[in-house]
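Q: Okay, so here is structure19.csv, and as you'll see once you scroll down, it has CSV, C-alpha atoms and all ligand atoms.
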chain,number,residue,atom,x,y,z
A,1,MET,CA,0.0,0.0,0.0
A,2,PRO,CA,1.6,3.3,-1.0
A,3,ASP,CA,2.2,5.6,2.0
A,4,ASP,CA,0.2,8.5,0.7
A,5,PHE,CA,-2.8,6.4,-0.2
A,6,PRO,CA,-5.8,8.5,0.6
A,7,LEU,CA,-8.1,7.2,3.4
A,8,GLN,CA,-11.2,7.6,1.4
A,9,SER,CA,-10.3,5.2,-1.3
A,10,GLN,CA,-9.5,2.6,1.3
A,11,THR,CA,-12.9,2.6,2.8
A,12,PRO,CA,-15.3,2.7,-0.2
A,13,ASP,CA,-18.0,1.1,1.7
A,14,ALA,CA,-16.6,-0.1,5.0
A,15,LEU,CA,-16.2,-3.7,4.3
A,16,MET,CA,-16.8,-5.8,7.4
A,17,LEU,CA,-14.6,-8.8,8.4
A,18,PHE,CA,-16.6,-12.0,8.7
A,19,GLY,CA,-15.3,-15.1,10.4
A,20,PHE,CA,-14.6,-13.6,13.8
A,21,TRP,CA,-16.1,-13.3,17.3
A,22,TYR,CA,-17.8,-10.0,18.1
A,23,ARG,CA,-19.2,-8.6,21.3
A,24,ALA,CA,-23.0,-8.4,21.2
A,25,LEU,CA,-24.1,-7.1,24.6
A,26,PRO,CA,-23.3,-7.0,28.3
A,27,SER,CA,-24.2,-10.2,30.1
A,28,ASN,CA,-26.3,-8.4,32.7
A,29,GLN,CA,-28.6,-7.1,30.0
A,30,LEU,CA,-30.1,-10.5,29.4
A,31,SER,CA,-31.9,-12.5,32.1
A,32,ARG,CA,-32.7,-16.2,32.1
A,33,GLY,CA,-35.6,-17.1,29.8
A,34,GLU,CA,-35.3,-13.8,28.0
A,35,LEU,CA,-34.8,-12.9,24.3
A,36,THR,CA,-33.3,-9.7,22.9
A,37,LYS,CA,-32.9,-8.4,19.4
A,38,THR,CA,-29.7,-7.1,18.1
A,39,MET,CA,-27.6,-6.7,15.0
A,40,LEU,CA,-23.9,-7.4,14.2
A,41,LEU,CA,-22.4,-6.9,10.8
A,42,GLU,CA,-25.8,-6.2,9.4
A,43,GLN,CA,-27.0,-9.6,10.5
A,44,PRO,CA,-30.2,-9.5,12.5
A,45,LEU,CA,-29.9,-11.6,15.6
A,46,VAL,CA,-32.0,-12.8,18.4
A,47,ILE,CA,-30.0,-13.6,21.5
A,48,GLY,CA,-31.4,-15.4,24.5
A,49,ARG,CA,-30.5,-17.0,27.7
A,50,GLY,CA,-31.8,-20.5,28.4
A,51,GLN,CA,-33.8,-21.5,31.5
A,52,GLY,CA,-33.6,-25.2,32.3
A,53,GLN,CA,-36.6,-27.4,32.9
A,54,GLY,CA,-36.2,-31.1,33.4
A,55,ARG,CA,-33.7,-32.5,31.0
A,56,GLY,CA,-32.6,-29.1,29.7
A,57,ARG,CA,-30.9,-28.4,33.0
A,58,ASP,CA,-27.4,-28.4,31.5
A,59,ARG,CA,-28.5,-25.4,29.4
A,60,GLN,CA,-29.5,-23.5,32.5
A,61,GLY,CA,-28.5,-19.9,31.9
A,62,GLN,CA,-26.5,-20.6,28.7
A,63,VAL,CA,-26.7,-18.0,26.0
A,64,PHE,CA,-27.5,-18.6,22.4
A,65,ALA,CA,-27.8,-16.6,19.2
A,66,LEU,CA,-30.1,-17.3,16.2
A,67,ARG,CA,-30.6,-15.4,13.0
A,68,ASP,CA,-33.7,-13.3,13.7
A,69,ALA,CA,-35.7,-14.7,10.8
A,70,CYS,CA,-37.8,-17.9,10.8
A,71,PRO,CA,-36.6,-20.3,8.1
A,72,HIS,CA,-40.2,-20.8,7.1
A,73,ARG,CA,-41.2,-17.3,6.0
A,74,GLY,CA,-38.8,-14.9,7.6
A,75,MET,CA,-40.8,-13.8,10.7
A,76,PRO,CA,-38.4,-12.4,13.3
A,77,LEU,CA,-38.0,-15.1,15.9
A,78,SER,CA,-37.6,-12.4,18.5
A,79,CYS,CA,-41.4,-11.8,18.1
A,80,GLY,CA,-42.0,-15.4,19.2
A,81,GLN,CA,-42.6,-17.1,22.5
A,82,PHE,CA,-39.6,-18.5,24.4
A,83,ASP,CA,-40.2,-21.1,27.2
A,84,GLY,CA,-36.5,-21.2,28.2
A,85,GLN,CA,-35.6,-24.0,25.8
A,86,GLN,CA,-37.6,-23.6,22.5
A,87,ILE,CA,-38.7,-20.6,20.5
A,88,GLU,CA,-42.1,-20.7,19.0
A,89,CYS,CA,-42.5,-18.6,15.9
A,90,SER,CA,-45.4,-16.1,16.2
A,91,TYR,CA,-46.6,-16.7,12.6
A,92,HIS,CA,-47.3,-20.4,12.2
A,93,GLY,CA,-46.0,-21.8,15.5
A,94,TRP,CA,-43.0,-23.7,14.3
A,95,ARG,CA,-40.8,-24.5,17.2
A,96,PHE,CA,-37.0,-24.4,17.3
A,97,ASP,CA,-34.5,-25.6,19.8
A,98,ALA,CA,-33.0,-22.3,21.0
A,99,HIS,CA,-29.4,-23.6,21.2
A,100,SER,CA,-29.1,-25.6,18.0
A,101,GLY,CA,-31.8,-23.9,15.9
A,102,GLN,CA,-33.2,-27.4,15.1
A,103,CYS,CA,-36.9,-27.5,14.2
A,104,LYS,CA,-38.9,-29.5,16.8
A,105,LEU,CA,-42.5,-29.0,15.8
A,106,ILE,CA,-44.6,-27.9,12.8
A,107,PRO,CA,-48.1,-27.6,14.1
A,108,SER,CA,-49.8,-27.7,10.7
A,109,LEU,CA,-48.6,-31.2,9.8
A,110,VAL,CA,-51.1,-34.1,10.0
A,111,PRO,CA,-49.8,-37.6,10.9
A,112,GLU,CA,-49.4,-39.0,7.4
A,113,GLN,CA,-47.3,-36.0,6.3
A,114,THR,CA,-43.7,-37.2,6.6
A,115,LEU,CA,-41.7,-34.0,6.3
A,116,LYS,CA,-38.5,-34.5,8.2
A,117,ILE,CA,-38.6,-31.6,10.4
A,118,ASP,CA,-35.4,-32.4,12.2
A,119,ARG,CA,-33.5,-31.5,9.1
A,120,ILE,CA,-34.8,-27.9,9.2
A,121,TYR,CA,-32.7,-25.3,11.1
A,122,ALA,CA,-33.1,-21.7,12.1
A,123,GLY,CA,-29.7,-20.1,11.5
A,124,SER,CA,-27.6,-20.5,14.7
A,125,TYR,CA,-24.4,-18.8,15.7
A,126,PRO,CA,-21.7,-19.8,18.2
A,127,CYS,CA,-22.4,-17.7,21.3
A,128,GLU,CA,-20.2,-17.5,24.5
A,129,GLU,CA,-19.8,-15.4,27.5
A,130,ARG,CA,-16.5,-13.9,28.4
A,131,ASP,CA,-15.7,-11.2,31.0
A,132,ASP,CA,-19.3,-10.2,31.5
A,133,PHE,CA,-20.0,-9.9,27.8
A,134,ILE,CA,-21.9,-12.0,25.3
A,135,TRP,CA,-19.9,-12.7,22.2
A,136,VAL,CA,-21.2,-14.1,18.9
A,137,PHE,CA,-19.1,-15.7,16.1
A,138,ILE,CA,-20.2,-14.3,12.8
A,139,PRO,CA,-19.2,-16.6,9.9
A,140,ASP,CA,-19.0,-15.6,6.3
A,141,PRO,CA,-22.7,-15.2,5.2
A,142,GLY,CA,-22.0,-17.6,2.3
A,143,PRO,CA,-24.6,-19.4,0.3
A,144,ALA,CA,-25.4,-21.9,3.2
A,145,GLY,CA,-28.2,-24.3,2.5
A,146,ALA,CA,-30.8,-21.9,3.8
A,147,GLY,CA,-33.0,-23.6,6.4
A,148,PHE,CA,-31.1,-26.8,6.3
A,149,THR,CA,-27.7,-25.8,7.7
A,150,LYS,CA,-26.6,-27.2,11.0
A,151,PRO,CA,-24.7,-24.8,13.2
A,152,ALA,CA,-21.0,-25.1,12.8
A,153,PRO,CA,-18.6,-24.6,15.8
A,154,ALA,CA,-16.4,-21.5,15.8
A,155,PRO,CA,-12.8,-22.3,14.7
A,156,MET,CA,-11.3,-20.4,17.6
A,157,PRO,CA,-12.3,-19.5,21.2
A,158,ALA,CA,-13.8,-16.1,22.0
A,159,PRO,CA,-11.3,-13.5,23.0
A,160,GLU,CA,-10.6,-13.0,26.7
A,161,ILE,CA,-9.0,-10.3,28.8
A,162,PRO,CA,-5.6,-11.4,30.1
A,163,LYS,CA,-5.5,-11.5,33.9
A,164,PHE,CA,-2.6,-11.8,36.2
A,165,SER,CA,-4.0,-12.7,39.6
A,166,GLU,CA,-6.9,-14.8,41.0
A,167,HIS,CA,-8.8,-11.8,42.4
A,168,TYR,CA,-9.7,-8.8,40.3
A,169,LYS,CA,-12.5,-6.4,39.5
A,170,LEU,CA,-14.3,-6.1,36.2
A,171,ALA,CA,-16.2,-3.2,34.7
A,172,TYR,CA,-17.5,-2.3,31.3
A,173,LEU,CA,-18.6,0.7,29.3
A,174,THR,CA,-20.3,0.9,26.0
A,175,ALA,CA,-21.2,3.6,23.5
A,176,ASP,CA,-22.8,3.7,20.1
A,177,LEU,CA,-20.8,5.6,17.5
A,178,PRO,CA,-22.4,7.0,14.4
A,179,CYS,CA,-19.6,6.1,12.0
A,180,SER,CA,-18.2,3.1,10.1
A,181,VAL,CA,-16.1,0.6,12.0
A,182,ASP,CA,-13.0,1.9,10.2
A,183,HIS,CA,-13.4,5.4,11.6
A,184,GLY,CA,-14.2,4.0,15.0
A,185,ILE,CA,-11.0,1.9,15.0
A,186,ILE,CA,-8.6,4.5,13.7
A,187,GLY,CA,-10.1,7.0,16.1
A,188,LEU,CA,-9.3,4.6,18.9
A,189,MET,CA,-5.7,4.2,17.9
A,190,ASP,CA,-5.1,7.8,17.0
A,191,PRO,CA,-2.3,9.2,19.2
A,192,ALA,CA,-2.7,12.9,18.0
A,193,HIS,CA,-6.2,13.7,19.2
A,194,GLY,CA,-5.5,13.3,22.9
A,195,PRO,CA,-4.5,16.8,23.8
A,196,PHE,CA,-7.4,18.3,21.9
A,197,VAL,CA,-10.2,15.8,22.6
A,198,HIS,CA,-9.3,14.5,26.0
A,199,GLN,CA,-8.5,17.5,28.1
A,200,ALA,CA,-9.1,17.5,31.8
A,201,TRP,CA,-7.3,19.2,34.6
A,202,TRP,CA,-6.4,15.9,36.2
A,203,TRP,CA,-5.3,14.2,33.0
A,204,ARG,CA,-3.6,16.7,30.8
A,205,THR,CA,-4.0,20.0,29.0
A,206,GLN,CA,-3.0,21.2,25.5
A,207,LYS,CA,0.1,22.7,27.1
A,208,SER,CA,1.4,19.4,28.1
A,209,ILE,CA,1.9,18.4,24.5
A,210,HIS,CA,5.4,17.1,23.8
A,211,GLU,CA,7.4,14.9,21.5
A,212,LYS,CA,6.9,11.2,21.9
A,213,GLN,CA,8.7,8.2,20.6
A,214,LYS,CA,7.2,4.7,20.7
A,215,ASN,CA,8.3,1.4,19.5
A,216,PHE,CA,6.0,-0.8,17.5
A,217,GLU,CA,6.4,-4.3,16.2
A,218,PRO,CA,4.3,-6.7,14.1
A,219,ILE,CA,2.4,-9.5,15.9
A,220,PRO,CA,0.1,-12.1,14.2
A,221,TYR,CA,-2.8,-10.2,12.5
A,222,GLY,CA,-1.8,-7.0,14.3
A,223,PHE,CA,0.8,-4.8,15.9
A,224,ARG,CA,2.1,-4.1,19.4
A,225,MET,CA,3.3,-0.9,21.0
A,226,SER,CA,6.1,-2.4,23.0
A,227,ALA,CA,6.3,-2.2,26.7
A,228,HIS,CA,7.7,1.0,28.1
A,229,THR,CA,7.4,3.3,31.1
A,230,PRO,CA,4.4,5.5,30.3
A,231,SER,CA,4.9,9.2,29.8
A,232,SER,CA,5.1,11.0,33.1
A,233,ASN,CA,2.9,13.9,32.0
A,234,SER,CA,-0.2,12.5,33.5
A,235,ALA,CA,-1.1,12.5,37.1
A,236,PRO,CA,-2.7,9.1,37.3
A,237,TYR,CA,0.5,7.4,36.2
A,238,LYS,CA,2.5,9.3,38.7
A,239,LEU,CA,0.1,8.2,41.4
A,240,LEU,CA,0.2,4.6,40.2
A,241,ARG,CA,4.0,4.5,40.4
A,242,LEU,CA,4.0,5.9,43.9
A,243,TYR,CA,1.2,3.5,45.1
A,244,ALA,CA,2.7,0.4,43.5
A,245,ASP,CA,6.1,1.3,44.8
A,246,ALA,CA,7.4,0.0,41.5
A,247,ASP,CA,10.4,1.5,39.7
A,248,SER,CA,8.8,1.1,36.4
A,249,ILE,CA,5.4,0.7,34.9
A,250,THR,CA,5.1,-1.3,31.7
A,251,THR,CA,2.4,-0.8,29.2
A,252,THR,CA,1.7,-3.0,26.3
A,253,ILE,CA,-0.9,-2.1,23.7
A,254,ASP,CA,-1.9,-4.6,21.0
A,255,PHE,CA,-4.2,-4.2,18.1
A,256,VAL,CA,-5.3,-7.4,16.5
A,257,LEU,CA,-7.8,-7.9,13.7
A,258,PRO,CA,-10.7,-7.6,13.4
A,259,ASN,CA,-11.3,-5.0,16.1
A,260,LEU,CA,-9.4,-5.8,19.3
A,261,ARG,CA,-7.3,-3.3,21.2
A,262,SER,CA,-5.9,-4.7,24.4
A,263,GLU,CA,-3.9,-2.7,26.9
A,264,ILE,CA,-2.0,-4.1,29.8
A,265,ILE,CA,-0.4,-2.0,32.5
A,266,ARG,CA,1.7,-3.7,35.1
A,267,ALA,CA,3.4,-2.2,38.1
A,268,GLY,CA,4.9,-4.6,40.6
A,269,LYS,CA,2.2,-7.0,41.7
A,270,TYR,CA,-0.5,-4.7,40.4
A,271,TRP,CA,-2.1,-4.9,37.0
A,272,PHE,CA,-4.7,-3.3,34.9
A,273,SER,CA,-5.9,-4.9,31.7
A,274,SER,CA,-8.5,-3.8,29.2
A,275,LEU,CA,-10.0,-5.1,26.0
A,276,THR,CA,-11.7,-2.6,23.8
A,277,THR,CA,-13.6,-3.5,20.7
A,278,VAL,CA,-15.2,-1.5,18.0
A,279,THR,CA,-18.0,-3.6,16.5
A,280,PRO,CA,-19.7,-3.0,13.2
A,281,ILE,CA,-23.5,-2.9,13.6
A,282,THR,CA,-24.2,-1.7,10.1
A,283,ARG,CA,-21.8,-0.2,7.5
A,284,HIS,CA,-22.4,3.3,8.9
A,285,GLN,CA,-22.8,2.5,12.6
A,286,CYS,CA,-20.6,0.8,15.2
A,287,ARG,CA,-20.3,0.4,18.9
A,288,ILE,CA,-17.4,0.7,21.2
A,289,ASP,CA,-17.2,-1.6,24.3
A,290,VAL,CA,-14.4,-1.2,26.8
A,291,VAL,CA,-14.1,-4.0,29.4
A,292,ALA,CA,-11.4,-3.6,32.0
A,293,ALA,CA,-10.1,-6.0,34.7
A,294,TRP,CA,-7.7,-4.9,37.5
A,295,ASN,CA,-6.4,-5.7,40.9
A,296,LEU,CA,-5.3,-2.1,41.7
A,297,PHE,CA,-7.1,-0.3,44.4
A,298,ARG,CA,-9.3,-3.3,45.1
A,299,TRP,CA,-9.7,-2.2,48.6
A,300,ILE,CA,-11.3,1.2,47.7
A,301,PRO,CA,-15.0,0.6,47.7
A,302,PHE,CA,-15.6,3.1,45.0
A,303,GLY,CA,-12.7,2.0,42.8
A,304,PRO,CA,-14.8,0.6,40.0
A,305,GLN,CA,-17.0,3.7,39.9
A,306,LEU,CA,-14.0,5.9,39.9
A,307,LEU,CA,-12.5,4.1,37.0
A,308,LYS,CA,-15.8,3.9,35.2
A,309,PHE,CA,-16.1,7.6,35.6
A,310,VAL,CA,-12.7,8.3,34.1
A,311,PHE,CA,-13.3,5.9,31.2
A,312,ALA,CA,-16.8,7.1,30.6
A,313,LYS,CA,-15.4,10.6,30.3
A,314,PHE,CA,-12.9,9.5,27.7
A,315,VAL,CA,-15.4,7.4,25.8
A,316,GLU,CA,-18.0,10.2,25.8
A,317,GLN,CA,-15.4,12.6,24.5
A,318,ASP,CA,-14.5,10.2,21.6
A,319,ARG,CA,-18.2,9.5,20.9
A,320,ARG,CA,-19.0,13.2,20.7
A,321,THR,CA,-16.0,13.8,18.4
A,322,MET,CA,-17.1,11.1,16.1
A,323,GLU,CA,-20.7,12.3,16.1
A,324,LEU,CA,-19.4,15.7,14.9
A,325,GLN,CA,-17.0,14.1,12.5
A,326,SER,CA,-19.8,12.1,10.9
A,327,GLU,CA,-21.4,15.5,9.9
A,328,GLY,CA,-18.3,16.3,8.0
A,329,LEU,CA,-18.0,12.8,6.5
A,330,LYS,CA,-21.5,13.0,5.0
A,331,HIS,CA,-20.3,15.0,2.1
A,332,ASN,CA,-17.4,12.6,1.3
A,333,PRO,CA,-14.5,14.9,1.8
A,334,HIS,CA,-11.0,14.0,0.8
A,335,LEU,CA,-9.1,12.6,3.7
A,336,MET,CA,-5.5,12.1,4.6
A,337,LEU,CA,-3.3,9.9,6.7
A,338,ILE,CA,0.0,11.5,7.6
A,339,ASP,CA,3.2,10.2,9.1
A,340,ASP,CA,4.0,9.3,11.8
A,341,ALA,CA,0.8,10.0,13.8
A,342,ASP,CA,-1.5,8.2,11.4
A,343,ARG,CA,0.8,5.3,10.8
A,344,PRO,CA,-1.1,2.9,13.1
A,345,ALA,CA,-4.2,3.8,11.0
A,346,LYS,CA,-2.3,2.9,7.8
A,347,TRP,CA,-1.3,-0.5,9.4
A,348,TYR,CA,-4.9,-1.1,10.3
A,349,PHE,CA,-6.0,-0.6,6.7
A,350,GLY,CA,-3.0,-2.7,5.6
A,351,LEU,CA,-4.0,-5.5,7.9
A,352,LYS,CA,-7.6,-5.4,6.9
A,353,ASN,CA,-6.7,-5.5,3.2
A,354,ALA,CA,-4.4,-8.4,3.8
A,355,MET,CA,-7.2,-10.3,5.6
A,356,LEU,CA,-9.8,-9.6,2.9
A,357,GLU,CA,-7.2,-10.6,0.3
A,358,MET,CA,-6.4,-13.8,2.0
A,359,ASN,CA,-10.1,-14.7,2.4
A,360,LYS,CA,-10.7,-14.0,-1.2
A,361,ASN,CA,-7.7,-15.5,-2.9
A,362,GLY,CA,-6.3,-17.9,-0.3
A,363,GLY,CA,-2.5,-17.9,0.2
A,364,GLU,CA,-0.6,-16.3,3.1
A,365,PHE,CA,-1.5,-13.4,5.2
A,366,ARG,CA,0.7,-10.5,4.0
A,367,HIS,CA,1.5,-8.5,7.0
A,368,PRO,CA,1.9,-4.8,6.2
A,369,MET,CA,4.9,-4.4,8.6
A,370,SER,CA,8.2,-6.1,7.9
A,371,GLY,CA,9.7,-5.5,11.3
A,372,PRO,CA,9.9,-3.2,14.3
A,373,VAL,CA,9.4,0.5,13.7
A,374,THR,CA,9.8,3.6,15.9
A,375,LEU,CA,7.3,6.3,15.5
A,376,LYS,CA,7.6,9.9,16.6
A,377,TRP,CA,4.8,12.4,17.1
A,378,ARG,CA,3.8,15.3,19.4
A,379,SER,CA,0.9,14.7,21.7
A,401,LIG,S1,-42.8,-17.8,9.5
A,401,LIG,FE1,-42.2,-18.8,11.3
A,401,LIG,S2,-43.6,-20.4,11.4
A,401,LIG,FE2,-44.1,-19.5,9.5
A,402,FE,FE,-9.8,9.0,22.3
The structure given in the file should be rewritten as structure tokens.
Ligand code: FES
Ligand SMILES: [Fe+2]

A:
Amino acid sequence: MPDDFPLQSQTPDALMLFGFWYRALPSNQLSRGELTKTMLLEQPLVIGRGQGQGRGRDRQGQVFALRDACPHRGMPLSCGQFDGQQIECSYHGWRFDAHSGQCKLIPSLVPEQTLKIDRIYAGSYPCEERDDFIWVFIPDPGPAGAGFTKPAPAPMPAPEIPKFSEHYKLAYLTADLPCSVDHGIIGLMDPAHGPFVHQAWWWRTQKSIHEKQKNFEPIPYGFRMSAHTPSSNSAPYKLLRLYADADSITTTIDFVLPNLRSEIIRAGKYWFSSLTTVTPITRHQCRIDVVAAWNLFRWIPFGPQLLKFVFAKFVEQDRRTMELQSEGLKHNPHLMLIDDADRPAKWYFGLKNAMLEMNKNGGEFRHPMSGPVTLKWRS
């Protein structure tokens, strides 16, 4: 990819990457025996949580995801009745096993009609819970044998936040962003907006802007900002170093396709770990979910609230910025990616292109980075 490739031509219509796990919704938003409607990568989904009765006990509380369209005539299954194990379509009463999608009953059949109903399936997606979030694996929407396709298992486990001790706290934040997943992701990795968007007296001001130098290296399907002692221009880091009584604080930030940004901060025996995702809902709309785990300040009763407050502020500043940006983007302006501050964004597009290319033509994944790189910018 040429270095001065304009951004606009890289995102003609925000292609989405199929064949990955995506966050769907926080676990606590779905109770047992409940259904909820959602959308991921323009796929309408109904997500539910089982409620065991008799032999279904092993499915007690387990989550599932089905395509929100009855294989009979397309009625959204989310409009149906759910008894905790089966969903009954509200149009003609066909019943489906909620976890496998397999058809269990077609009420209109008379005894001598021998239609093999167990061969009929409502589209079913692998669905798992990790770190208080429900994840759904979205396969390529290929020409599956509509209505007769058994659910296939996901080829890899759902992503998980790395944790470094037995006890820890967990909190999440989520915000809808009115932009394509690409703008959401490059906004997330953009080092130059900090002093302008994220100003706060306790964090930093525009005056604290200074030259930075960071080392990056390629990792499988992504890149890493190598461990280092974080810049000393922010009060929370100073506080952390003091509190942890550690000589150094190491931070590692990884970005990995399709949409995962993980950040690990370690200071002595203390750690803070977060996994942020930007999930395409439609081509023009995405959602950012930040989930953090930590063992710092566990003894402070309001620790999680405090952290949530800090993160919520950042996320809200980003959300507001992207909302305003979407106004400008409506008219399809020319866009630029400059060195070095926008280099991570270039890598993101390079990685994404490599993935699309590999999915289309097979062959090896052609990583856009050939080795470690040092970037410099002022922020
Ligand atoms: S559309 Fe669902 S049973 Fe007919
Ligand atoms: Fe930001």

Q: May I ask which of the residues A:Leu40, A:Lys104, A:Gly147, A:Ala175 is the closest one to Cys70 of chain A, counting only C-alpha atoms?

A: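 Ranking A:Leu40, A:Lys104, A:Gly147, A:Ala175 by distance to Cys70 of chain A, first place goes to A:Gly147.
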
Q: Determine, counting all atoms listed in the file, which protein, DNA and RNA residues have an atom within 12 Å of an atom of Pro155 of chain A; residues of the same chain fewer than 6 positions away are not included. Present the result as a PyMOL selection string.

A: chain A and resi 19-21+126+137-139

Q: Would you name the residues within 8 Å of ligand LIG 401 (chain A), counting only C-alpha atoms and all ligand atoms, and put them as a ChimeraX atom specification?

A: /A:69-77,88-95,106

Q: Tell me, counting all atoms listed in the file, for each residue of chain A within 12 Å of ligand FE 402 (chain A), which pair of atoms is nearest and how far apart they are in Å to one decimal, in rows ordered by chain and increasing number, as a tab-separated table.

A:
residue	atom	partner	partner_atom	distance
A:His183	CA	A:FE402	FE	11.8
A:Gly184	CA	A:FE402	FE	9.9
A:Ile185	CA	A:FE402	FE	10.3
A:Ile186	CA	A:FE402	FE	9.8
A:Gly187	CA	A:FE402	FE	6.5
A:Leu188	CA	A:FE402	FE	5.6
A:Met189	CA	A:FE402	FE	7.7
A:Asp190	CA	A:FE402	FE	7.2
A:Pro191	CA	A:FE402	FE	8.1
A:Ala192	CA	A:FE402	FE	9.2
A:His193	CA	A:FE402	FE	6.7
A:Gly194	CA	A:FE402	FE	6.1
A:Pro195	CA	A:FE402	FE	9.5
A:Phe196	CA	A:FE402	FE	9.6
A:Val197	CA	A:FE402	FE	6.8
A:His198	CA	A:FE402	FE	6.6
A:Gln199	CA	A:FE402	FE	10.4
A:Thr276	CA	A:FE402	FE	11.8
A:Ile288	CA	A:FE402	FE	11.3
A:Phe311	CA	A:FE402	FE	10.1
A:Ala312	CA	A:FE402	FE	11.0
A:Lys313	CA	A:FE402	FE	9.9
A:Phe314	CA	A:FE402	FE	6.2
A:Val315	CA	A:FE402	FE	6.8
A:Glu316	CA	A:FE402	FE	9.0
A:Gln317	CA	A:FE402	FE	7.0
A:Asp318	CA	A:FE402	FE	4.9
A:Arg319	CA	A:FE402	FE	8.5
A:Arg320	CA	A:FE402	FE	10.2
A:Thr321	CA	A:FE402	FE	8.8
A:Met322	CA	A:FE402	FE	9.8

Q: Quick one: distance from atom CA of Gly101 of chain A to atom CA of Asp131 of chain A in Å, one decimal?

A: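 Between these atoms lies a distance of 25.5 Å.
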
Q: If we count all atoms listed in the file and set the cut-off at 9 Å, which residues sit around segment 32-39 of chain A, ignoring sequence neighbours fewer than 3 positions away in its own chain? Please answer as a PyMOL selection string.

A: chain A and resi 24-25+29+42-52+60-63+68+78+82-85+280-282

Q: Using all atoms listed in the file, which of the listed residues (A:Lys346, A:Arg67, A:His284, A:Lys269) sits closest to Pro141 of chain A?

A: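 Residue with the minimum atom-to-atom distance to Pro141 of chain A: A:Arg67.
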
Q: Missing atoms in segment 185-196 of chain A should be modelled up to N, CA, C and O atoms and reported as a PDB file, keeping the file's coordinate frame.

A:
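The resulting file, result_5.pdb, is reproduced below:
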ATOM      1  N   ILE A 185     -12.286   2.513  14.659  1.00  0.00           N
ATOM      2  CA  ILE A 185     -11.000   1.900  15.000  1.00  0.00           C
ATOM      3  C   ILE A 185      -9.845   2.864  14.905  1.00  0.00           C
ATOM      4  O   ILE A 185      -9.020   2.978  15.811  1.00  0.00           O
ATOM      5  N   ILE A 186      -9.774   3.581  13.806  1.00  0.00           N
ATOM      6  CA  ILE A 186      -8.600   4.500  13.700  1.00  0.00           C
ATOM      7  C   ILE A 186      -8.707   5.631  14.680  1.00  0.00           C
ATOM      8  O   ILE A 186      -7.699   6.134  15.136  1.00  0.00           O
ATOM      9  N   GLY A 187      -9.921   5.989  15.049  1.00  0.00           N
ATOM     10  CA  GLY A 187     -10.100   7.000  16.100  1.00  0.00           C
ATOM     11  C   GLY A 187      -9.568   6.507  17.424  1.00  0.00           C
ATOM     12  O   GLY A 187      -8.954   7.238  18.191  1.00  0.00           O
ATOM     13  N   LEU A 188      -9.781   5.235  17.652  1.00  0.00           N
ATOM     14  CA  LEU A 188      -9.300   4.600  18.900  1.00  0.00           C
ATOM     15  C   LEU A 188      -7.829   4.543  19.003  1.00  0.00           C
ATOM     16  O   LEU A 188      -7.255   4.592  20.076  1.00  0.00           O
ATOM     17  N   MET A 189      -7.159   4.386  17.856  1.00  0.00           N
ATOM     18  CA  MET A 189      -5.700   4.200  17.900  1.00  0.00           C
ATOM     19  C   MET A 189      -4.952   5.479  17.561  1.00  0.00           C
ATOM     20  O   MET A 189      -3.743   5.459  17.439  1.00  0.00           O
ATOM     21  N   ASP A 190      -5.670   6.549  17.411  1.00  0.00           N
ATOM     22  CA  ASP A 190      -5.100   7.800  17.000  1.00  0.00           C
ATOM     23  C   ASP A 190      -4.376   8.507  18.114  1.00  0.00           C
ATOM     24  O   ASP A 190      -5.018   8.926  19.067  1.00  0.00           O
ATOM     25  N   PRO A 191      -3.040   8.654  18.049  1.00  0.00           N
ATOM     26  CA  PRO A 191      -2.300   9.200  19.200  1.00  0.00           C
ATOM     27  C   PRO A 191      -2.425  10.771  19.220  1.00  0.00           C
ATOM     28  O   PRO A 191      -2.155  11.378  20.244  1.00  0.00           O
ATOM     29  N   ALA A 192      -2.808  11.409  18.126  1.00  0.00           N
ATOM     30  CA  ALA A 192      -2.700  12.900  18.000  1.00  0.00           C
ATOM     31  C   ALA A 192      -3.910  13.635  18.540  1.00  0.00           C
ATOM     32  O   ALA A 192      -3.852  14.848  18.701  1.00  0.00           O
ATOM     33  N   HIS A 193      -5.006  12.942  18.779  1.00  0.00           N
ATOM     34  CA  HIS A 193      -6.200  13.700  19.200  1.00  0.00           C
ATOM     35  C   HIS A 193      -6.270  13.927  20.692  1.00  0.00           C
ATOM     36  O   HIS A 193      -7.039  14.768  21.148  1.00  0.00           O
ATOM     37  N   GLY A 194      -5.444  13.189  21.435  1.00  0.00           N
ATOM     38  CA  GLY A 194      -5.500  13.300  22.900  1.00  0.00           C
ATOM     39  C   GLY A 194      -5.550  14.665  23.478  1.00  0.00           C
ATOM     40  O   GLY A 194      -6.491  15.024  24.184  1.00  0.00           O
ATOM     41  N   PRO A 195      -4.535  15.502  23.166  1.00  0.00           N
ATOM     42  CA  PRO A 195      -4.500  16.800  23.800  1.00  0.00           C
ATOM     43  C   PRO A 195      -5.670  17.727  23.402  1.00  0.00           C
ATOM     44  O   PRO A 195      -5.938  18.711  24.079  1.00  0.00           O
ATOM     45  N   PHE A 196      -6.344  17.389  22.325  1.00  0.00           N
ATOM     46  CA  PHE A 196      -7.400  18.300  21.900  1.00  0.00           C
ATOM     47  C   PHE A 196      -8.802  17.743  22.300  1.00  0.00           C
ATOM     48  O   PHE A 196      -9.694  18.521  22.617  1.00  0.00           O
TER      49      PHE A 196
END
